[in-house]
Amino acid sequence: MNWKIERTTKNVLVVSFGFLLLFTAFGGLQSIQSSLNSDQGLGLASLSVIYAALILSSMFLPPLMIKYLGCKWTIVISMCCYVAFSIGNFYPSWYTLIPTAIILGTGGAPLWSAKCAYLTICGYQYAKKFNKIGENIVNHYFGIFFLVFQSSAVWGNLLSSLIFQYSSGKANITDEILAYCGPNNCPQYNEKVSQNVTSVHHSMAVIHTLSAIYTGVGVGGVLLVAFFLDQLDKKEIEDFKGKDVNIWAVLVATFTHLKDKRQCLLIVMTMYSGFEQGFLAGDYTKAYVTCTIGIQFVGYVMICFGASNSIFSVMFGKLSEYTGRIPLFAFATITNLASIIALFLWNPRPEQMPVFFVFPCLWGIADAVWQTQTNALYGVLFLSHKEAAFANYRLWESVGFVTAFAYANFLCIKVKLIILVIVLLLGMILYGIVEYIEFVQHGSENPHTVSQILRGEHLKTKKQKPDELEEEAKEETETTDVKSVDENDAET
């Protein structure tokens with residue numbers, strides 16, 4: 001095999017397995033935070049802080065770090081931020097978890113941005129060298145990455161489950177405790193439930209063992225990338241050094257994209273992605289699993305979610321070529337609605353063991369649609385402004401995470417399930433408007449602006465000439481001082 005091909009493949013695999021090790025540690029800790037550190041809602045508060053810090057860092061930090069440090073060292077430094085959170089779990093308290101959660105969230109945005117940039121560089125360098133199509137090579141490299149990375153949910157949760165299973169006694173769960181589980185769980189019952197279910201089963205020695213293993217795995221990922229990943233953007237770093245970087249221009253670019261009405265219509269659906277993932281990781285694992293059958297089963301339950309999510313992500317990616325995205329979004333909506341209604345009505349009991357694993361599988365199937373198809377939707381709708389569009393995607397998804405984790409310590413499970421239904425239905429209604437706009441724009445002989453479609457002007461029987469529509473778009477811009485992406489296209 002040619003050395004150049006082997007070297008490129010090596011770099012992709014190093015990044016992939018580095019992320020696998022890092023998120024084996026973080027993913028395992030995230031799944032058990034609400035159960036492991038339930039006192040005064042510490043675990044959920046730390047998760048909320050992580051995504052709040054990620055929102056802030058995503059606004060300006062990634063381009064600065066990548067330009068001055070390069071992709072490789074941005075990845076290495078950001079990975080160290082994740083390891084800090086594992087270290088904070090050695091002695092979990094408000095003074096250790098919250099600061100390390102801020103550190104992790106700050107490093108999260110640069111980590112993912114640098115990873116995407118590095119894989120893209122690898123793909124286009126290979127394509128240029130061997131006269132291939134760059135987009136195809138980049139897609140292939142991202143496929144390799146996610147094939148390896150998605151399995152981190154399995155390994156991270158398997159570690160925590162094995163440790164708790166062999167270091168804990170049988171859960172002392174009484175009928176009195178079961179009355180506070182599932183949809184009946186409320187924050188005011190946490191002390192009673194945790195006293196009998198959680199604290200009994202893990203000592204400080206177990207916590208130290210778990211934290212040490214996760215820290216070691218995370219450090220292994222950092223060292224793998226630091227020593228074996230090639231730096232491919234040295235020339236770009238030299239070119240950018242010494243130049244003034246307008247931080248405000250980067251910040252404004254993300255929010256300027258909100259002038260596109262389609263982006264505004266997609267905000268709620270994007271936030272739902274954060275809501276539903278936050279509910280599974282923070283509420284289902286605590287109120288249904290830990291409360292009823294014990295914390296040692298949390299990892300096994302989340303393995304089902306990770307496995308089904310990974311498998312169906314690949315399947316839906318292929319299936320969308322034949323069905324389009326609308327049927328898949330409809331399928332995910334029905335699946336989530338059915339699951340939410342069932343969770344609202346289900347009173348979990350230990351003898352119903354298989355049911356605890358069915359819900360994460362269904363949740364993973366629906367989440368596979370939200371992740372793959374929402375990303376694809378953003379790429380199709382905002383192709384010429386993809387950087388700002390994907391920045392908005394991460395921003396609003398993180399807002400959903402933050403909101404879900406923030407109210408987790410104050411609302412009962414039934415209220416949270418109702419909120420999920422409202423956000424889901426509202427998000428899909430607004431998404432339907434976006435699809436209608438796209439249908440009108442691509443199905444009409446004459447171009448229409450988004451504003452004209454929303455006002456129903458495209459339904460007029462009189463057919464306007466393209467130059468008349470262009471003039472109307474200009475007049476609308478002058479009166480509202482807001483341009484959509486469609487109006488920009490019309491003017492050019």
# chains A, B, ... in the order shown; residues from 1 in each chain; ligands from 1
$ residues_around --residues "segment 269-282 of chain A" --least-positions-apart "3" --cutoff "8 Å" --atoms "only C-alpha atoms" --output "MDAnalysis selection string"
chainID A and resid 30:34 44 266 285:286 360 367 370:371 374 393 396:405 408 420 423:424 426:428 430:431
$ closest_residue --among "A:Ala52, A:His208, A:Leu159, A:Val225" --to "Val12 of chain A" --atoms "only C-alpha atoms"
A:Val225
$ decode --residues "segment 386-419 of chain A" --atoms "N, CA and C atoms" --output "PDB file, in the first residue's frame"
ATOM      1  N   LYS A 386     -22.951  27.514   5.379  1.00  0.00           N
ATOM      2  CA  LYS A 386     -22.956  26.339   6.247  1.00  0.00           C
ATOM      3  C   LYS A 386     -22.234  26.561   7.571  1.00  0.00           C
ATOM      4  N   GLU A 387     -21.175  27.409   7.584  1.00  0.00           N
ATOM      5  CA  GLU A 387     -20.454  27.630   8.840  1.00  0.00           C
ATOM      6  C   GLU A 387     -21.353  28.266   9.886  1.00  0.00           C
ATOM      7  N   ALA A 388     -22.042  29.350   9.497  1.00  0.00           N
ATOM      8  CA  ALA A 388     -22.949  30.021  10.426  1.00  0.00           C
ATOM      9  C   ALA A 388     -24.141  29.132  10.761  1.00  0.00           C
ATOM     10  N   ALA A 389     -24.593  28.336   9.792  1.00  0.00           N
ATOM     11  CA  ALA A 389     -25.749  27.468  10.026  1.00  0.00           C
ATOM     12  C   ALA A 389     -25.427  26.401  11.064  1.00  0.00           C
ATOM     13  N   PHE A 390     -24.283  25.725  10.906  1.00  0.00           N
ATOM     14  CA  PHE A 390     -23.935  24.672  11.860  1.00  0.00           C
ATOM     15  C   PHE A 390     -23.556  25.247  13.225  1.00  0.00           C
ATOM     16  N   ALA A 391     -23.074  26.485  13.253  1.00  0.00           N
ATOM     17  CA  ALA A 391     -22.846  27.152  14.533  1.00  0.00           C
ATOM     18  C   ALA A 391     -24.175  27.349  15.251  1.00  0.00           C
ATOM     19  N   ASN A 392     -25.209  27.719  14.492  1.00  0.00           N
ATOM     20  CA  ASN A 392     -26.542  27.855  15.072  1.00  0.00           C
ATOM     21  C   ASN A 392     -27.085  26.511  15.527  1.00  0.00           C
ATOM     22  N   TYR A 393     -26.795  25.471  14.757  1.00  0.00           N
ATOM     23  CA  TYR A 393     -27.256  24.129  15.144  1.00  0.00           C
ATOM     24  C   TYR A 393     -26.698  23.749  16.512  1.00  0.00           C
ATOM     25  N   ARG A 394     -25.386  23.893  16.697  1.00  0.00           N
ATOM     26  CA  ARG A 394     -24.765  23.551  17.980  1.00  0.00           C
ATOM     27  C   ARG A 394     -25.256  24.472  19.088  1.00  0.00           C
ATOM     28  N   LEU A 395     -25.451  25.734  18.747  1.00  0.00           N
ATOM     29  CA  LEU A 395     -25.903  26.705  19.733  1.00  0.00           C
ATOM     30  C   LEU A 395     -27.276  26.339  20.284  1.00  0.00           C
ATOM     31  N   TRP A 396     -28.252  26.092  19.397  1.00  0.00           N
ATOM     32  CA  TRP A 396     -29.619  25.847  19.856  1.00  0.00           C
ATOM     33  C   TRP A 396     -29.792  24.455  20.431  1.00  0.00           C
ATOM     34  N   GLU A 397     -29.030  23.488  19.947  1.00  0.00           N
ATOM     35  CA  GLU A 397     -29.066  22.166  20.567  1.00  0.00           C
ATOM     36  C   GLU A 397     -28.545  22.250  21.996  1.00  0.00           C
ATOM     37  N   SER A 398     -27.472  23.016  22.197  1.00  0.00           N
ATOM     38  CA  SER A 398     -26.921  23.193  23.541  1.00  0.00           C
ATOM     39  C   SER A 398     -27.906  23.935  24.444  1.00  0.00           C
ATOM     40  N   VAL A 399     -28.648  24.888  23.881  1.00  0.00           N
ATOM     41  CA  VAL A 399     -29.677  25.581  24.661  1.00  0.00           C
ATOM     42  C   VAL A 399     -30.722  24.569  25.144  1.00  0.00           C
ATOM     43  N   GLY A 400     -31.075  23.615  24.290  1.00  0.00           N
ATOM     44  CA  GLY A 400     -32.009  22.567  24.694  1.00  0.00           C
ATOM     45  C   GLY A 400     -31.455  21.722  25.827  1.00  0.00           C
ATOM     46  N   PHE A 401     -30.179  21.346  25.729  1.00  0.00           N
ATOM     47  CA  PHE A 401     -29.527  20.590  26.802  1.00  0.00           C
ATOM     48  C   PHE A 401     -29.561  21.374  28.111  1.00  0.00           C
ATOM     49  N   VAL A 402     -29.137  22.623  28.054  1.00  0.00           N
ATOM     50  CA  VAL A 402     -29.062  23.458  29.250  1.00  0.00           C
ATOM     51  C   VAL A 402     -30.429  23.580  29.911  1.00  0.00           C
ATOM     52  N   THR A 403     -31.444  23.840  29.109  1.00  0.00           N
ATOM     53  CA  THR A 403     -32.790  24.006  29.653  1.00  0.00           C
ATOM     54  C   THR A 403     -33.273  22.723  30.318  1.00  0.00           C
ATOM     55  N   ALA A 404     -33.048  21.580  29.648  1.00  0.00           N
ATOM     56  CA  ALA A 404     -33.496  20.299  30.200  1.00  0.00           C
ATOM     57  C   ALA A 404     -32.797  19.982  31.522  1.00  0.00           C
ATOM     58  N   PHE A 405     -31.487  20.207  31.581  1.00  0.00           N
ATOM     59  CA  PHE A 405     -30.750  19.919  32.808  1.00  0.00           C
ATOM     60  C   PHE A 405     -31.043  20.952  33.897  1.00  0.00           C
ATOM     61  N   ALA A 406     -31.339  22.192  33.486  1.00  0.00           N
ATOM     62  CA  ALA A 406     -31.568  23.257  34.458  1.00  0.00           C
ATOM     63  C   ALA A 406     -32.872  23.050  35.218  1.00  0.00           C
ATOM     64  N   TYR A 407     -33.968  22.690  34.508  1.00  0.00           N
ATOM     65  CA  TYR A 407     -35.238  22.514  35.207  1.00  0.00           C
ATOM     66  C   TYR A 407     -35.404  21.111  35.790  1.00  0.00           C
ATOM     67  N   ALA A 408     -34.407  20.238  35.558  1.00  0.00           N
ATOM     68  CA  ALA A 408     -34.508  18.858  36.045  1.00  0.00           C
ATOM     69  C   ALA A 408     -34.622  18.784  37.559  1.00  0.00           C
ATOM     70  N   ASN A 409     -33.999  19.715  38.271  1.00  0.00           N
ATOM     71  CA  ASN A 409     -34.008  19.701  39.734  1.00  0.00           C
ATOM     72  C   ASN A 409     -35.233  20.381  40.335  1.00  0.00           C
ATOM     73  N   PHE A 410     -36.147  20.867  39.477  1.00  0.00           N
ATOM     74  CA  PHE A 410     -37.274  21.638  40.003  1.00  0.00           C
ATOM     75  C   PHE A 410     -38.636  21.103  39.571  1.00  0.00           C
ATOM     76  N   LEU A 411     -38.693  20.312  38.506  1.00  0.00           N
ATOM     77  CA  LEU A 411     -39.976  19.854  37.975  1.00  0.00           C
ATOM     78  C   LEU A 411     -40.142  18.350  38.136  1.00  0.00           C
ATOM     79  N   CYS A 412     -41.380  17.914  38.245  1.00  0.00           N
ATOM     80  CA  CYS A 412     -41.685  16.483  38.318  1.00  0.00           C
ATOM     81  C   CYS A 412     -41.593  15.859  36.928  1.00  0.00           C
ATOM     82  N   ILE A 413     -41.453  14.544  36.894  1.00  0.00           N
ATOM     83  CA  ILE A 413     -41.288  13.828  35.632  1.00  0.00           C
ATOM     84  C   ILE A 413     -42.488  14.036  34.707  1.00  0.00           C
ATOM     85  N   LYS A 414     -43.684  14.025  35.257  1.00  0.00           N
ATOM     86  CA  LYS A 414     -44.867  14.211  34.411  1.00  0.00           C
ATOM     87  C   LYS A 414     -44.851  15.562  33.710  1.00  0.00           C
ATOM     88  N   VAL A 415     -44.424  16.578  34.414  1.00  0.00           N
ATOM     89  CA  VAL A 415     -44.343  17.912  33.805  1.00  0.00           C
ATOM     90  C   VAL A 415     -43.288  17.922  32.701  1.00  0.00           C
ATOM     91  N   LYS A 416     -42.158  17.267  32.943  1.00  0.00           N
ATOM     92  CA  LYS A 416     -41.093  17.203  31.934  1.00  0.00           C
ATOM     93  C   LYS A 416     -41.561  16.484  30.676  1.00  0.00           C
ATOM     94  N   LEU A 417     -42.341  15.417  30.858  1.00  0.00           N
ATOM     95  CA  LEU A 417     -42.861  14.686  29.698  1.00  0.00           C
ATOM     96  C   LEU A 417     -43.827  15.550  28.893  1.00  0.00           C
ATOM     97  N   ILE A 418     -44.641  16.334  29.592  1.00  0.00           N
ATOM     98  CA  ILE A 418     -45.563  17.239  28.899  1.00  0.00           C
ATOM     99  C   ILE A 418     -44.786  18.295  28.110  1.00  0.00           C
ATOM    100  N   ILE A 419     -43.719  18.808  28.710  1.00  0.00           N
ATOM    101  CA  ILE A 419     -42.880  19.791  28.018  1.00  0.00           C
ATOM    102  C   ILE A 419     -42.277  19.181  26.755  1.00  0.00           C
TER     103      ILE A 419
END
